[in-house]
Structures are given as structure tokens and as C-alpha cells.
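Reproduced below: run_29.csv, with CSV, C-alpha atoms.
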chain,number,residue,atom,x,y,z
A,172,MET,CA,114.5,105.8,51.6
A,173,VAL,CA,117.9,105.9,53.2
A,174,ARG,CA,120.7,103.5,52.4
A,175,LEU,CA,123.3,102.5,55.0
A,176,VAL,CA,126.0,99.8,55.4
A,177,VAL,CA,125.7,97.5,58.3
A,178,ASP,CA,128.5,94.9,58.7
A,179,ASN,CA,129.5,95.3,55.1
A,180,ARG,CA,126.0,94.7,53.9
A,181,GLN,CA,124.0,97.5,52.3
A,182,ILE,CA,120.5,97.9,53.7
A,183,GLU,CA,117.6,100.3,52.9
A,184,THR,CA,115.2,101.7,55.4
A,185,GLU,CA,112.7,104.5,55.8
A,186,GLU,CA,113.9,108.0,56.8
A,187,GLY,CA,113.7,108.7,60.5
A,188,ALA,CA,114.0,105.1,61.6
A,189,THR,CA,116.5,104.2,64.3
A,190,VAL,CA,119.6,102.2,63.5
A,191,LEU,CA,118.3,99.4,65.7
A,192,GLN,CA,115.0,99.2,64.0
A,193,ALA,CA,116.6,99.4,60.5
A,194,CYS,CA,118.9,96.4,61.4
A,195,LEU,CA,116.1,94.4,63.0
A,196,ASP,CA,113.9,95.0,59.9
A,197,ASN,CA,116.6,93.7,57.7
A,198,GLY,CA,117.3,90.6,59.7
A,199,ILE,CA,120.4,91.8,61.5
A,200,TYR,CA,119.9,91.1,65.2
A,201,ILE,CA,121.3,93.4,67.8
A,202,PRO,CA,120.6,92.5,71.4
A,203,ASN,CA,118.1,94.8,73.1
A,204,LEU,CA,115.8,94.7,76.1
A,205,CYS,CA,114.3,98.1,76.8
A,206,TYR,CA,113.4,99.0,73.2
A,207,LEU,CA,110.0,98.7,71.5
A,208,LYS,CA,109.4,100.0,68.0
A,209,GLU,CA,106.4,102.1,69.1
A,210,MET,CA,108.7,104.3,71.3
A,211,ASP,CA,109.4,107.8,70.1
A,212,SER,CA,112.3,108.3,72.5
A,213,PRO,CA,113.7,105.0,73.6
A,214,PRO,CA,115.2,105.1,77.1
A,215,GLY,CA,118.4,103.5,76.0
A,216,SER,CA,118.8,102.0,79.5
A,217,CYS,CA,119.7,98.4,78.9
A,218,ARG,CA,123.0,99.2,77.2
A,219,LEU,CA,122.9,96.1,75.1
A,220,CYS,CA,122.1,97.6,71.6
A,221,LEU,CA,125.5,99.2,71.3
A,222,VAL,CA,127.1,99.5,67.8
A,223,GLU,CA,130.0,101.3,66.3
A,224,VAL,CA,129.2,104.0,63.8
A,225,ASP,CA,131.8,105.7,61.6
A,226,GLY,CA,132.3,109.3,62.9
A,227,TYR,CA,131.7,108.4,66.5
A,228,ASN,CA,134.8,107.6,68.6
A,229,GLN,CA,132.8,105.5,71.1
A,230,PRO,CA,130.2,102.7,70.6
A,231,ILE,CA,126.7,104.2,70.8
A,232,THR,CA,123.2,102.8,71.6
A,233,SER,CA,121.6,102.0,68.2
A,234,CYS,CA,118.1,102.7,69.6
A,235,THR,CA,118.8,106.3,70.1
A,236,ILE,CA,120.4,107.3,66.8
A,237,LYS,CA,118.5,107.9,63.6
A,238,VAL,CA,119.7,106.5,60.2
A,239,LYS,CA,121.6,108.7,57.9
A,240,GLU,CA,122.4,108.3,54.2
A,241,GLY,CA,125.7,106.5,53.8
A,242,MET,CA,126.1,105.6,57.4
A,243,ILE,CA,128.6,102.8,58.2
A,244,VAL,CA,127.6,100.7,61.1
A,245,LYS,CA,129.4,97.8,62.7
A,246,THR,CA,127.5,95.6,65.1
A,247,ASN,CA,130.1,93.0,65.9
A,248,THR,CA,133.4,94.6,66.9
A,249,GLU,CA,135.4,93.4,69.9
A,250,HIS,CA,134.8,96.7,71.7
A,251,VAL,CA,131.0,96.5,71.3
A,252,ARG,CA,130.9,92.8,72.3
A,253,ARG,CA,133.0,93.5,75.5
A,254,LEU,CA,130.5,96.3,76.5
A,255,GLN,CA,127.5,94.1,75.7
A,256,ARG,CA,128.9,91.2,77.7
A,257,THR,CA,129.6,93.3,80.7
A,258,ALA,CA,126.1,94.9,80.6
A,259,PHE,CA,124.6,91.5,80.3
A,260,GLU,CA,126.6,90.0,83.1
A,261,LEU,CA,125.6,92.9,85.3
A,262,LEU,CA,121.9,92.3,84.4
A,263,LEU,CA,122.2,88.6,85.3
A,264,SER,CA,124.0,89.3,88.5
A,265,VAL,CA,120.6,90.5,90.0
A,266,HIS,CA,118.5,88.0,88.1
A,267,HIS,CA,117.2,84.9,89.8
A,268,VAL,CA,118.3,82.3,87.3
A,269,ASP,CA,115.9,79.3,87.6
A,270,CYS,CA,115.1,78.7,83.9
A,271,ARG,CA,113.5,75.3,84.4
A,272,ARG,CA,110.8,76.6,86.6
A,273,CYS,CA,110.4,79.9,84.8
A,274,PRO,CA,107.4,80.3,82.5
A,275,ALA,CA,109.5,82.3,80.1
A,276,ASN,CA,111.8,79.4,79.5
A,277,ARG,CA,112.8,79.1,75.8
A,278,SER,CA,110.9,82.3,75.0
A,279,CYS,CA,113.1,84.4,77.3
A,280,GLU,CA,114.9,87.4,75.9
A,281,LEU,CA,117.8,86.9,78.3
A,282,GLN,CA,118.3,83.3,77.1
A,283,ARG,CA,118.3,84.6,73.5
A,284,ILE,CA,120.9,87.2,74.3
A,285,ALA,CA,123.1,84.8,76.3
A,286,LYS,CA,123.2,82.5,73.3
A,287,TYR,CA,123.9,85.4,70.9
A,288,LEU,CA,126.8,86.6,73.1
A,289,HIS,CA,128.1,83.1,73.6
A,290,LEU,CA,127.6,83.4,77.4
A,291,GLY,CA,125.7,81.0,79.6
A,292,VAL,CA,123.1,82.1,82.1
A,293,LYS,CA,125.1,81.0,85.1
A,294,LEU,CA,127.8,83.6,85.2
A,295,LYS,CA,130.6,83.9,87.7
A,296,ARG,CA,132.4,87.2,87.0
A,297,PHE,CA,130.1,89.3,89.3
A,298,GLU,CA,128.8,88.4,92.7
A,299,GLN,CA,125.2,87.1,92.5
A,300,LEU,CA,123.0,89.6,94.4
A,301,GLU,CA,119.6,88.4,95.4
A,302,ARG,CA,117.3,91.4,95.4
A,303,ARG,CA,115.5,90.9,98.7
A,304,VAL,CA,112.3,92.8,97.9
A,305,LYS,CA,108.9,91.8,99.2
A,306,ILE,CA,106.5,90.7,96.5
A,307,VAL,CA,103.4,92.9,97.0
A,308,GLN,CA,100.4,91.1,95.7
A,309,ASP,CA,98.1,94.1,95.5
A,310,HIS,CA,96.9,93.9,92.0
A,311,PRO,CA,93.6,92.2,91.1
A,312,CYS,CA,94.8,90.6,87.9
A,313,LEU,CA,98.6,90.8,87.7
A,314,GLU,CA,101.4,89.2,89.4
A,315,TYR,CA,104.9,90.6,89.7
A,316,VAL,CA,108.1,88.7,90.4
A,317,PRO,CA,110.9,91.2,91.2
A,318,SER,CA,113.7,88.6,91.2
A,319,ARG,CA,113.1,88.1,87.5
A,320,CYS,CA,112.5,91.7,86.5
A,321,VAL,CA,115.2,93.4,84.5
A,322,LEU,CA,113.6,96.9,85.0
A,323,CYS,CA,113.5,97.6,81.3
A,324,GLY,CA,110.4,99.7,81.7
A,325,ARG,CA,108.6,98.2,78.6
A,326,CYS,CA,105.5,97.5,80.7
A,327,ILE,CA,105.2,101.1,81.9
A,328,PHE,CA,105.6,102.4,78.3
A,329,MET,CA,102.9,100.0,77.0
A,330,CYS,CA,100.5,100.8,79.7
A,331,GLN,CA,101.0,104.5,79.1
A,332,ARG,CA,100.4,104.0,75.4
A,333,GLU,CA,97.3,101.8,75.7
A,334,ASN,CA,95.6,103.7,78.5
A,335,GLY,CA,96.9,107.2,78.2
A,336,GLN,CA,98.1,107.0,81.8
A,337,ALA,CA,100.5,104.4,83.2
A,338,MET,CA,98.9,102.3,85.9
A,339,LEU,CA,102.3,100.9,86.9
A,340,SER,CA,105.6,102.7,87.6
A,341,PHE,CA,109.1,102.3,89.0
A,342,ALA,CA,109.2,102.7,92.7
A,343,ARG,CA,112.0,103.1,95.1
A,344,ARG,CA,115.6,103.3,94.0
A,345,GLY,CA,118.8,101.4,93.3
A,346,LEU,CA,118.8,97.7,94.1
A,347,ASP,CA,115.4,98.1,95.7
A,348,THR,CA,113.8,99.4,92.5
A,349,VAL,CA,110.6,97.6,91.7
A,350,ILE,CA,107.6,98.0,89.4
A,351,SER,CA,104.7,99.1,91.5
A,352,PHE,CA,101.0,99.0,91.0
A,353,PHE,CA,100.1,101.6,93.6
A,354,GLY,CA,96.7,103.3,93.3
A,355,GLU,CA,93.8,101.0,94.1
A,356,GLY,CA,91.4,103.8,93.9
A,357,ASP,CA,92.3,105.0,90.5
A,358,LYS,CA,89.3,105.1,88.2
A,359,ALA,CA,91.5,104.2,85.2
A,360,ARG,CA,92.4,101.0,87.0
A,361,ALA,CA,88.9,99.7,86.3
A,362,THR,CA,89.9,98.9,82.7
A,363,CYS,CA,92.8,96.8,83.9
A,364,GLY,CA,92.5,93.2,83.1
A,365,GLN,CA,91.5,93.8,79.5
A,366,CYS,CA,94.6,94.7,77.5
A,367,TYR,CA,97.5,92.9,79.2
A,368,ALA,CA,99.9,94.9,77.0
A,369,CYS,CA,102.3,95.0,80.0
A,370,VAL,CA,102.4,91.3,80.3
A,371,GLU,CA,103.0,90.9,76.5
A,372,ALA,CA,105.8,93.5,76.6
A,373,CYS,CA,107.7,91.8,79.4
A,374,PRO,CA,110.8,90.1,78.0
A,375,VAL,CA,111.4,87.8,81.0
A,376,ALA,CA,108.0,86.8,82.6
A,377,ALA,CA,108.4,89.1,85.6
A,378,LEU,CA,104.8,90.3,85.0
A,379,LEU,CA,102.2,87.5,84.7
A,380,ILE,CA,98.5,87.2,84.5
A,381,ARG,CA,97.4,86.2,88.0
A,382,ASN,CA,96.8,82.5,88.5
A,383,ALA,CA,97.8,81.7,84.9
A,384,HIS,CA,101.1,80.2,86.0
A,385,SER,CA,101.8,78.3,89.1
A,386,GLN,CA,104.7,79.6,91.1
B,159,MET,CA,91.5,103.1,119.2
B,160,ASP,CA,90.6,102.5,115.6
B,161,HIS,CA,88.0,105.1,115.8
B,162,THR,CA,90.4,107.8,116.8
B,163,ARG,CA,92.7,106.7,114.0
B,164,GLU,CA,89.9,107.1,111.5
B,165,THR,CA,89.1,110.6,112.7
B,166,GLU,CA,92.8,111.5,112.7
B,167,GLU,CA,93.1,110.3,109.1
B,168,GLU,CA,90.1,112.3,108.2
B,169,ALA,CA,91.4,115.4,109.8
B,170,LEU,CA,94.7,114.9,108.0
B,171,LEU,CA,93.0,114.5,104.6
B,172,ASN,CA,90.8,117.6,105.2
B,173,ASP,CA,93.9,119.6,106.0
B,174,ILE,CA,95.7,118.4,102.9
B,175,ALA,CA,92.6,119.1,100.8
B,176,SER,CA,92.5,122.7,102.0
B,177,MET,CA,96.2,123.1,101.4
B,178,LEU,CA,96.1,121.6,97.9
B,179,ALA,CA,93.8,124.4,96.7
B,180,ALA,CA,96.8,126.8,96.8
B,181,PHE,CA,98.8,124.7,94.3
B,182,GLU,CA,98.2,125.0,90.6
B,183,LYS,CA,97.4,121.7,88.9
B,184,GLU,CA,100.8,121.2,87.3
B,185,ARG,CA,103.0,118.2,87.3
B,186,ALA,CA,105.9,120.5,88.4
B,187,ASN,CA,104.1,121.0,91.7
B,188,LEU,CA,104.3,117.3,92.6
B,189,ILE,CA,107.4,117.5,94.8
B,190,PRO,CA,106.5,120.8,96.5
B,191,ILE,CA,103.1,119.3,97.4
B,192,LEU,CA,104.7,116.2,98.8
B,193,GLN,CA,107.1,118.3,100.8
B,194,MET,CA,104.3,120.4,102.2
B,195,ILE,CA,102.4,117.3,103.3
B,196,GLN,CA,105.5,115.8,104.9
B,197,GLU,CA,106.3,119.0,106.7
B,198,ARG,CA,102.8,119.4,108.2
B,199,HIS,CA,102.0,115.7,109.0
B,200,HIS,CA,105.5,114.1,109.0
B,201,TYR,CA,104.5,111.3,106.7
B,202,LEU,CA,102.7,110.6,103.4
B,203,SER,CA,99.8,108.2,103.8
B,204,ALA,CA,98.4,106.1,100.9
B,205,SER,CA,95.2,108.1,100.7
B,206,ALA,CA,97.2,111.4,100.8
B,207,LEU,CA,99.2,110.2,97.8
B,208,GLN,CA,96.0,109.3,96.0
B,209,MET,CA,94.6,112.7,96.7
B,210,VAL,CA,97.6,114.4,95.3
B,211,ALA,CA,97.4,112.3,92.2
B,212,LYS,CA,93.7,113.3,91.7
B,213,HIS,CA,94.6,116.9,92.2
B,214,LEU,CA,97.3,116.9,89.6
B,215,GLY,CA,95.5,114.6,87.2
B,216,VAL,CA,98.3,112.0,87.2
B,217,SER,CA,98.1,108.3,88.1
B,218,GLY,CA,98.5,107.3,91.7
B,219,CYS,CA,101.4,105.0,90.9
B,220,GLU,CA,103.3,107.9,89.3
B,221,VAL,CA,103.0,109.9,92.5
B,222,TYR,CA,104.1,106.8,94.5
B,223,GLY,CA,107.0,106.3,92.2
B,224,VAL,CA,108.3,109.8,92.7
B,225,ALA,CA,107.7,109.8,96.4
B,226,THR,CA,109.5,106.5,97.0
B,227,PHE,CA,112.5,107.6,95.0
B,228,TYR,CA,113.5,110.3,97.5
B,229,ASN,CA,114.8,109.5,100.9
B,230,GLN,CA,113.2,112.6,102.4
B,231,PHE,CA,109.7,111.1,102.3
B,232,ARG,CA,108.3,108.9,105.0
B,233,PHE,CA,105.3,106.6,104.5
B,234,TYR,CA,104.6,105.7,108.1
B,235,PRO,CA,103.6,108.1,110.9
B,236,PRO,CA,106.5,108.7,113.4
B,237,GLY,CA,106.3,106.5,116.5
B,238,LYS,CA,105.9,107.8,120.0
B,239,HIS,CA,109.5,106.9,120.6
B,240,ARG,CA,111.8,107.6,117.6
B,241,ILE,CA,114.8,105.4,117.3
B,242,ARG,CA,117.6,106.7,115.1
B,243,VAL,CA,120.5,104.4,114.4
B,244,CYS,CA,123.7,106.0,113.2
B,245,LEU,CA,125.3,104.4,110.2
B,246,GLY,CA,128.0,107.1,109.6
B,247,THR,CA,131.5,106.0,108.8
B,248,ALA,CA,132.7,105.3,112.4
B,249,CYS,CA,129.4,103.7,113.5
B,250,HIS,CA,129.4,101.6,110.3
B,251,LEU,CA,132.9,100.3,111.1
B,252,ARG,CA,131.9,99.6,114.7
B,253,GLY,CA,128.9,97.5,113.6
B,254,GLY,CA,126.1,100.0,113.4
B,255,ASP,CA,124.3,97.8,110.9
B,256,ILE,CA,124.2,95.1,113.5
B,257,ILE,CA,122.6,97.5,115.9
B,258,LEU,CA,120.0,98.5,113.3
B,259,GLU,CA,119.3,94.9,112.6
B,260,ASN,CA,118.8,94.2,116.3
B,261,PHE,CA,116.3,97.0,116.6
B,262,GLU,CA,114.5,95.8,113.5
B,263,ARG,CA,114.3,92.3,114.7
B,264,LYS,CA,113.3,93.2,118.2
B,265,LEU,CA,110.4,95.4,117.0
B,266,GLY,CA,109.5,93.4,113.9
B,267,ILE,CA,109.7,96.4,111.5
B,268,LYS,CA,112.2,97.6,109.0
B,269,GLU,CA,114.0,101.0,108.9
B,270,ALA,CA,111.7,103.9,108.1
B,271,GLU,CA,108.8,102.0,109.4
B,272,THR,CA,106.6,102.3,112.5
B,273,THR,CA,105.2,99.5,114.8
B,274,ALA,CA,101.5,98.8,114.5
B,275,ASP,CA,100.9,100.3,117.9
B,276,ARG,CA,102.8,103.4,116.9
B,277,GLU,CA,105.1,103.1,119.9
B,278,PHE,CA,108.4,102.9,118.0
B,279,SER,CA,109.7,104.0,114.6
B,280,ILE,CA,113.2,103.3,113.3
B,281,ASP,CA,115.3,105.5,111.1
B,282,ARG,CA,118.9,105.4,110.0
B,283,VAL,CA,120.9,108.5,110.1
B,284,ALA,CA,124.4,109.4,108.9
B,285,CYS,CA,126.6,110.7,111.7
B,286,VAL,CA,125.3,112.6,114.7
B,287,GLY,CA,128.6,114.0,115.7
B,288,CYS,CA,129.9,111.8,118.5
B,289,CYS,CA,131.9,109.3,116.6
B,290,ALA,CA,134.0,108.5,119.7
B,291,LEU,CA,131.0,106.8,121.1
B,292,ALA,CA,130.3,104.6,118.1
B,293,PRO,CA,128.1,102.8,117.5
B,294,VAL,CA,125.5,105.3,118.4
B,295,ALA,CA,121.7,105.2,118.6
B,296,ILE,CA,119.5,108.1,119.5
B,297,ILE,CA,116.2,107.4,121.1
B,298,ASP,CA,113.9,110.4,121.4
B,299,ASP,CA,116.5,113.0,122.5
B,300,THR,CA,118.9,110.7,124.4
B,301,VAL,CA,122.1,109.7,122.8
B,302,HIS,CA,123.1,106.1,123.6
B,303,GLY,CA,126.8,105.5,122.9
B,304,HIS,CA,128.8,102.2,122.7
B,305,MET,CA,125.6,100.4,121.6
B,306,ALA,CA,125.6,96.6,121.8
B,307,PRO,CA,122.9,94.1,121.0
B,308,SER,CA,122.2,93.4,124.7
B,309,LYS,CA,121.6,97.2,125.2
B,310,VAL,CA,119.0,97.1,122.5
B,311,GLU,CA,117.0,94.5,124.5
B,312,GLY,CA,117.4,96.5,127.6
B,313,LEU,CA,116.3,99.8,126.1
B,314,ILE,CA,113.1,98.4,124.6
B,315,LEU,CA,112.4,96.5,127.8
B,316,GLY,CA,112.8,99.8,129.7
B,317,PHE,CA,110.2,101.5,127.6
B,318,GLU,CA,107.8,98.5,128.0
B,319,ILE,CA,108.2,98.6,131.7
B,320,GLU,CA,107.6,102.3,131.8
B,321,LYS,CA,104.5,101.9,129.7
B,322,GLN,CA,103.1,99.2,132.0
B,323,ARG,CA,103.8,101.3,135.1
B,324,GLU,CA,102.0,104.2,133.5
B,325,LYS,CA,99.0,102.0,132.7
B,326,ARG,CA,99.0,100.7,136.2
B,327,GLY,CA,99.2,104.2,137.6
B,328,LYS,CA,96.3,105.3,135.5
B,329,GLN,CA,94.2,102.3,136.6
B,330,HIS,CA,95.1,103.0,140.2
B,331,GLY,CA,94.0,106.6,139.9
B,332,GLU,CA,90.7,105.6,138.3
B,333,SER,CA,89.9,103.0,141.0
B,334,LYS,CA,90.6,105.6,143.7
B,335,GLN,CA,88.0,108.0,142.2
The structure in this file should be written as C-alpha cells.
Amino acid sequence: MVRLVVDNRQIETEEGATVLQACLDNGIYIPNLCYLKEMDSPPGSCRLCLVEVDGYNQPITSCTIKVKEGMIVKTNTEHVRRLQRTAFELLLSVHHVDCRRCPANRSCELQRIAKYLHLGVKLKRFEQLERRVKIVQDHPCLEYVPSRCVLCGRCIFMCQRENGQAMLSFARRGLDTVISFFGEGDKARATCGQCYACVEACPVAALLIRNAHSQ
Amino acid sequence: MDHTRETEEEALLNDIASMLAAFEKERANLIPILQMIQERHHYLSASALQMVAKHLGVSGCEVYGVATFYNQFRFYPPGKHRIRVCLGTACHLRGGDIILENFERKLGIKEAETTADREFSIDRVACVGCCALAPVAIIDDTVHGHMAPSKVEGLILGFEIEKQREKRGKQHGESKQ
């Protein structure tokens, strides 16, 4: 067991755990979107799980550092909060906010983070960009809503994990980036429609089981 | 027409299949293979991507993801008339994006796409070296300077008239025989 101090509280965790996981296990919430505890090397791409650690002169993503004995971690400094708010505001600037009609309403990870960071979901600092991407309805049992997607990549990871080969992937680039289901002829695709691990992993209801929700 | 397309597609896939044999089945070969296909056939069709995926033992969507990331890959066969709209600095300032939009609307396709009849394809390019003529569009090998929305209409109409004339000429020739 490793002992570390988070926000002046001593916690214990297993060796080799990430700081983020250690905190979550001990009831200390750190905002995060792209992390799943099954990941061996988290992408660290959502930039929300930043913390300050003694010995580092900059805030660091807690999902990518392992716990060390005697580590001193602070999750709520002004510097960390400022970075988290900016990252969150940028994420929401390309998110189509329509909570009342969204199936994820009340279970949405973005709403949870907004509340935690004392921000609303209608933000004004950055210009709202609508990602004008065509919705390609080419999957037999899944539906994808790009205007909700935060491109965290959890679905891709889960599919890879469940099926050995990801049946979805990022496609295109920049503002046009989407999750794509390309590959109708893939044999592995035949199993699709059984696990729905991707749908479960989605923090914002951008991936849905087809026909389960009315648009 | 559809029949010729099918045989064309088949020939394309056969050619790719024969070329694939030269590549070892390693993920690292993905981009070189895509480049090879693009070089020989000028575009990557869906079935070609699927074939590459099968050869390398990766999923089709992974190949698609990599291919769509790079600007160098096309997914539509080039049209008979290639329209290239310059969006370099000077053309951008003189409204090159409006010219691009005009072409897109007129032909009902987006940039990097080809019309269903394969007559036209639209591409955006960055500077063709005659900024004084901005905004510039290049159609086939002809440079059209000082482009304006009205010119877009005219150019496309010109091609349509030419096509009709050709068709009529052909019919005329046939009826003579």
C-alpha cells in the first residue's frame, strides 16, 4: 500500500494506481472525461483531471501519474481551477447544448462537471461553434450524434477491449473530427449489437442504441 | 454506364490486390500502401480501404481513420474536369472562399468530392503563383483570374454546352452512317 496526502487528507491506495484513480476510490472527485479505470495508458486528452503535485512546477494530469509514497497532491488550487474551467469552456464551445431534449440529461458527465466547477452549461466566453458534420447513419444498431460528442475516445477504447479490434475510430481532423463506423464488410462487425460497451462508456449520449431514443 | 463502372472497380481492385502482395503485413506499411493506391488510381475507394484492412489484419475503420486524417488522400475519383480553387492568402482576402462556395453550390458537391456523373471535381489549393489575379480558379489546365460568382455560372454553363454539342455531333455522325 502507498500512502499519499490529497487536499490535506491522508489516503491509502494500491501501488501502481494512478493519482486520479486513488482519489476517486477515496471519494475525492476530480473532473475527468476521457479516463476509464481499465486503461493502461490513459490518453490524458480532456485536460480536466489536472492537479498540483509537490515537486512539479506545473499542474499535471492526474490520470497519467502513478502514486508515490508521501506524495502531496492538491486538487483545488486556483491555478488548477482556472485551467479546468478553460478546458471545460472550450469543450462546451463545440457542444450543442440542448439538455432538455438530450437523453443524457441529469446523467450527463458535462452537467456534473459544470456543477462542480461552478459554471453553467450556457457559457459566453468563447464563441459557440456548431460543428457542421453530416450524421452518417451507416451502422445497423448504433446512432451517432456528432454535435454532442466530446471526442473523449472512451467508446473506441471499450470496443478495442471487448472485441480485440476497435470497430469504431476517429476519422478526419480538427473541428471535423468524428467517430466513424467505417467497415461494413468486417467480419468482426457481426458481433456488434451484443456488448454495447461503447454506448455505456459514452459520457454524453453521443452514441446511442438505434431507435432506443427518439431524436 | 453502371456496367462499365463495375468492371472498372473490379480492375482497380485486382490491380491493388496484385500490388499488395509486395507489402509485408505490418501496420507500419499502412500509409505507404495508401500512398501507392492513391498514386496509381488517384483515389481510395471504400472497397480498396477494406482490402487494405484485410491485408494488414486491422479493422476497416482504423484504415479509414488514418486515411481521412491526411489531406493527401482523396476518396472520390477525379472528375473529367478538375476545378481547383485557390485559397492562398491573396485569394482568401479577395473572397476565394465565396468562389469555392459558388462552385460547391452550383455542382451540389463539397470540396474534395466529385459529381455523380464524374464530370467535375472540386479541390482547394493554396496559392498557384498568380496572386495579382486573385481570386483564382484553375479548371483543367486553364487559369481563370479575377473570379466572380457570375463567372462560375458561365464556366459551368460553357462545359455543359460543349458537352451537348459533342453529344449532338456524335448523334449526327451516327445518323449519317
Write out as JSON lines a residue-level contact list of chain A versus chain B with cut-off 7 Å: for each qualifying residue the closest pair of atoms and the distance in Å to one decimal, counting all atoms listed in the file, rows sorted by chain and residue number upward.
{"residue": "A:Gln336", "atom": "CA", "partner": "B:Ser217", "partner_atom": "CA", "distance": 6.4}
{"residue": "A:Ala337", "atom": "CA", "partner": "B:Ser217", "partner_atom": "CA", "distance": 6.7}
{"residue": "A:Met338", "atom": "CA", "partner": "B:Cys219", "partner_atom": "CA", "distance": 6.2}
{"residue": "A:Leu339", "atom": "CA", "partner": "B:Cys219", "partner_atom": "CA", "distance": 5.8}
{"residue": "A:Ser340", "atom": "CA", "partner": "B:Cys219", "partner_atom": "CA", "distance": 5.8}
{"residue": "A:Phe341", "atom": "CA", "partner": "B:Gly223", "partner_atom": "CA", "distance": 5.5}
{"residue": "A:Ala342", "atom": "CA", "partner": "B:Gly223", "partner_atom": "CA", "distance": 4.2}
{"residue": "A:Arg343", "atom": "CA", "partner": "B:Phe227", "partner_atom": "CA", "distance": 4.5}
{"residue": "A:Arg344", "atom": "CA", "partner": "B:Phe227", "partner_atom": "CA", "distance": 5.4}
{"residue": "A:Ser351", "atom": "CA", "partner": "B:Cys219", "partner_atom": "CA", "distance": 6.8}
{"residue": "A:Phe352", "atom": "CA", "partner": "B:Cys219", "partner_atom": "CA", "distance": 6.0}
{"residue": "A:Phe353", "atom": "CA", "partner": "B:Cys219", "partner_atom": "CA", "distance": 4.5}
{"residue": "A:Gly354", "atom": "CA", "partner": "B:Gly218", "partner_atom": "CA", "distance": 4.7}
{"residue": "A:Asp357", "atom": "CA", "partner": "B:Gly218", "partner_atom": "CA", "distance": 6.7}
Please save C-alpha atoms of the selected residues as a PDB file, in the coordinates of the input.
ATOM      1  CA  GLN A 336      98.100 107.000  81.800  1.00  0.00           C
ATOM      2  CA  ALA A 337     100.500 104.400  83.200  1.00  0.00           C
ATOM      3  CA  MET A 338      98.900 102.300  85.900  1.00  0.00           C
ATOM      4  CA  LEU A 339     102.300 100.900  86.900  1.00  0.00           C
ATOM      5  CA  SER A 340     105.600 102.700  87.600  1.00  0.00           C
ATOM      6  CA  PHE A 341     109.100 102.300  89.000  1.00  0.00           C
ATOM      7  CA  ALA A 342     109.200 102.700  92.700  1.00  0.00           C
ATOM      8  CA  ARG A 343     112.000 103.100  95.100  1.00  0.00           C
ATOM      9  CA  ARG A 344     115.600 103.300  94.000  1.00  0.00           C
ATOM     10  CA  SER A 351     104.700  99.100  91.500  1.00  0.00           C
ATOM     11  CA  PHE A 352     101.000  99.000  91.000  1.00  0.00           C
ATOM     12  CA  PHE A 353     100.100 101.600  93.600  1.00  0.00           C
ATOM     13  CA  GLY A 354      96.700 103.300  93.300  1.00  0.00           C
ATOM     14  CA  ASP A 357      92.300 105.000  90.500  1.00  0.00           C
TER      15      ASP A 357
END
Inset, instruction - To one decimal in Å, tell me the separation between CA of Val321 (chain A) and CA of Cys369 (chain A). - result: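 Calculated distance between CA of Val321 (chain A) and CA of Cys369 (chain A) is 13.8 Å.
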Legend entry - Cut-off 12 Å around (118.6, 90.5, 86.4) with all atoms listed in the file: residues as an MDAnalysis selection string: chainID A and resid 204 217 258:269 280:282 292:294 297 299:302 316:323 346 348:349 374:377
Inset, instruction - Within 10 Å of Lys268 (chain B), counting all atoms listed in the file, which residues show up once you throw out same-chain ones fewer than 2 positions away? Write them as a list in words, please. - result: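 My list of contacting residues is Leu258, Glu259, Phe261, Glu262, Arg263, Leu265, Gly266, Ala270, Glu271, Thr272, Thr273, Ser279, Ile280 and Asp281 of chain B.
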Inset, instruction - Could you check how far CA of Ile314 (chain B) sits from CA of Ile256 (chain B), in Å to one decimal? - result: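 Atom-to-atom, CA of Ile314 (chain B) to CA of Ile256 (chain B), that is 16.0 Å.
The environment of Val224 (chain A) within 10 Å, counting all atoms listed in the file and disregarding residues fewer than 3 places along the same chain, consists of Val176, Val177, Val190, Leu221, Tyr227, Asn228, Gln229, Pro230, Ile231, Thr232, Ser233, Ile236, Met242, Ile243, Val244, Lys245 and Thr246 of chain A.
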Grab the residues selected above and save them as a JSON list (two decimals), in the frame of the given file with C-alpha atoms.
[["chain", "number", "residue", "atom", "x", "y", "z"],
["A", 176, "VAL", "CA", 126.00, 99.80, 55.40],
["A", 177, "VAL", "CA", 125.70, 97.50, 58.30],
["A", 190, "VAL", "CA", 119.60, 102.20, 63.50],
["A", 221, "LEU", "CA", 125.50, 99.20, 71.30],
["A", 227, "TYR", "CA", 131.70, 108.40, 66.50],
["A", 228, "ASN", "CA", 134.80, 107.60, 68.60],
["A", 229, "GLN", "CA", 132.80, 105.50, 71.10],
["A", 230, "PRO", "CA", 130.20, 102.70, 70.60],
["A", 231, "ILE", "CA", 126.70, 104.20, 70.80],
["A", 232, "THR", "CA", 123.20, 102.80, 71.60],
["A", 233, "SER", "CA", 121.60, 102.00, 68.20],
["A", 236, "ILE", "CA", 120.40, 107.30, 66.80],
["A", 242, "MET", "CA", 126.10, 105.60, 57.40],
["A", 243, "ILE", "CA", 128.60, 102.80, 58.20],
["A", 244, "VAL", "CA", 127.60, 100.70, 61.10],
["A", 245, "LYS", "CA", 129.40, 97.80, 62.70],
["A", 246, "THR", "CA", 127.50, 95.60, 65.10]]
Inset, instruction - Report the distance between CA of Cys373 (chain A) and CA of Cys326 (chain A) in Å, rounded to one decimal place. - result: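 CA of Cys326 (chain A) lies 6.2 Å from CA of Cys373 (chain A).
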Inset, instruction - Find the spatial neighbours of Leu195 (chain A), counting only C-alpha atoms, within a cut-off of 12 Å - ignore same-chain residues fewer than 3 positions away - and output them as a list in words. - result: Val177, Ile182, Glu183, Thr184, Ala188, Thr189, Val190, Leu191, Gln192, Gly198, Ile199, Tyr200, Ile201, Pro202, Asn203, Tyr206, Leu207, Lys208, Cys220, Ser233, Cys234 and Thr246 of chain A
File of the preceding selection, C-alpha atoms, as a PDB file, in the coordinates of the input:
ATOM      1  CA  VAL A 177     125.700  97.500  58.300  1.00  0.00           C
ATOM      2  CA  ILE A 182     120.500  97.900  53.700  1.00  0.00           C
ATOM      3  CA  GLU A 183     117.600 100.300  52.900  1.00  0.00           C
ATOM      4  CA  THR A 184     115.200 101.700  55.400  1.00  0.00           C
ATOM      5  CA  ALA A 188     114.000 105.100  61.600  1.00  0.00           C
ATOM      6  CA  THR A 189     116.500 104.200  64.300  1.00  0.00           C
ATOM      7  CA  VAL A 190     119.600 102.200  63.500  1.00  0.00           C
ATOM      8  CA  LEU A 191     118.300  99.400  65.700  1.00  0.00           C
ATOM      9  CA  GLN A 192     115.000  99.200  64.000  1.00  0.00           C
ATOM     10  CA  GLY A 198     117.300  90.600  59.700  1.00  0.00           C
ATOM     11  CA  ILE A 199     120.400  91.800  61.500  1.00  0.00           C
ATOM     12  CA  TYR A 200     119.900  91.100  65.200  1.00  0.00           C
ATOM     13  CA  ILE A 201     121.300  93.400  67.800  1.00  0.00           C
ATOM     14  CA  PRO A 202     120.600  92.500  71.400  1.00  0.00           C
ATOM     15  CA  ASN A 203     118.100  94.800  73.100  1.00  0.00           C
ATOM     16  CA  TYR A 206     113.400  99.000  73.200  1.00  0.00           C
ATOM     17  CA  LEU A 207     110.000  98.700  71.500  1.00  0.00           C
ATOM     18  CA  LYS A 208     109.400 100.000  68.000  1.00  0.00           C
ATOM     19  CA  CYS A 220     122.100  97.600  71.600  1.00  0.00           C
ATOM     20  CA  SER A 233     121.600 102.000  68.200  1.00  0.00           C
ATOM     21  CA  CYS A 234     118.100 102.700  69.600  1.00  0.00           C
ATOM     22  CA  THR A 246     127.500  95.600  65.100  1.00  0.00           C
TER      23      THR A 246
END
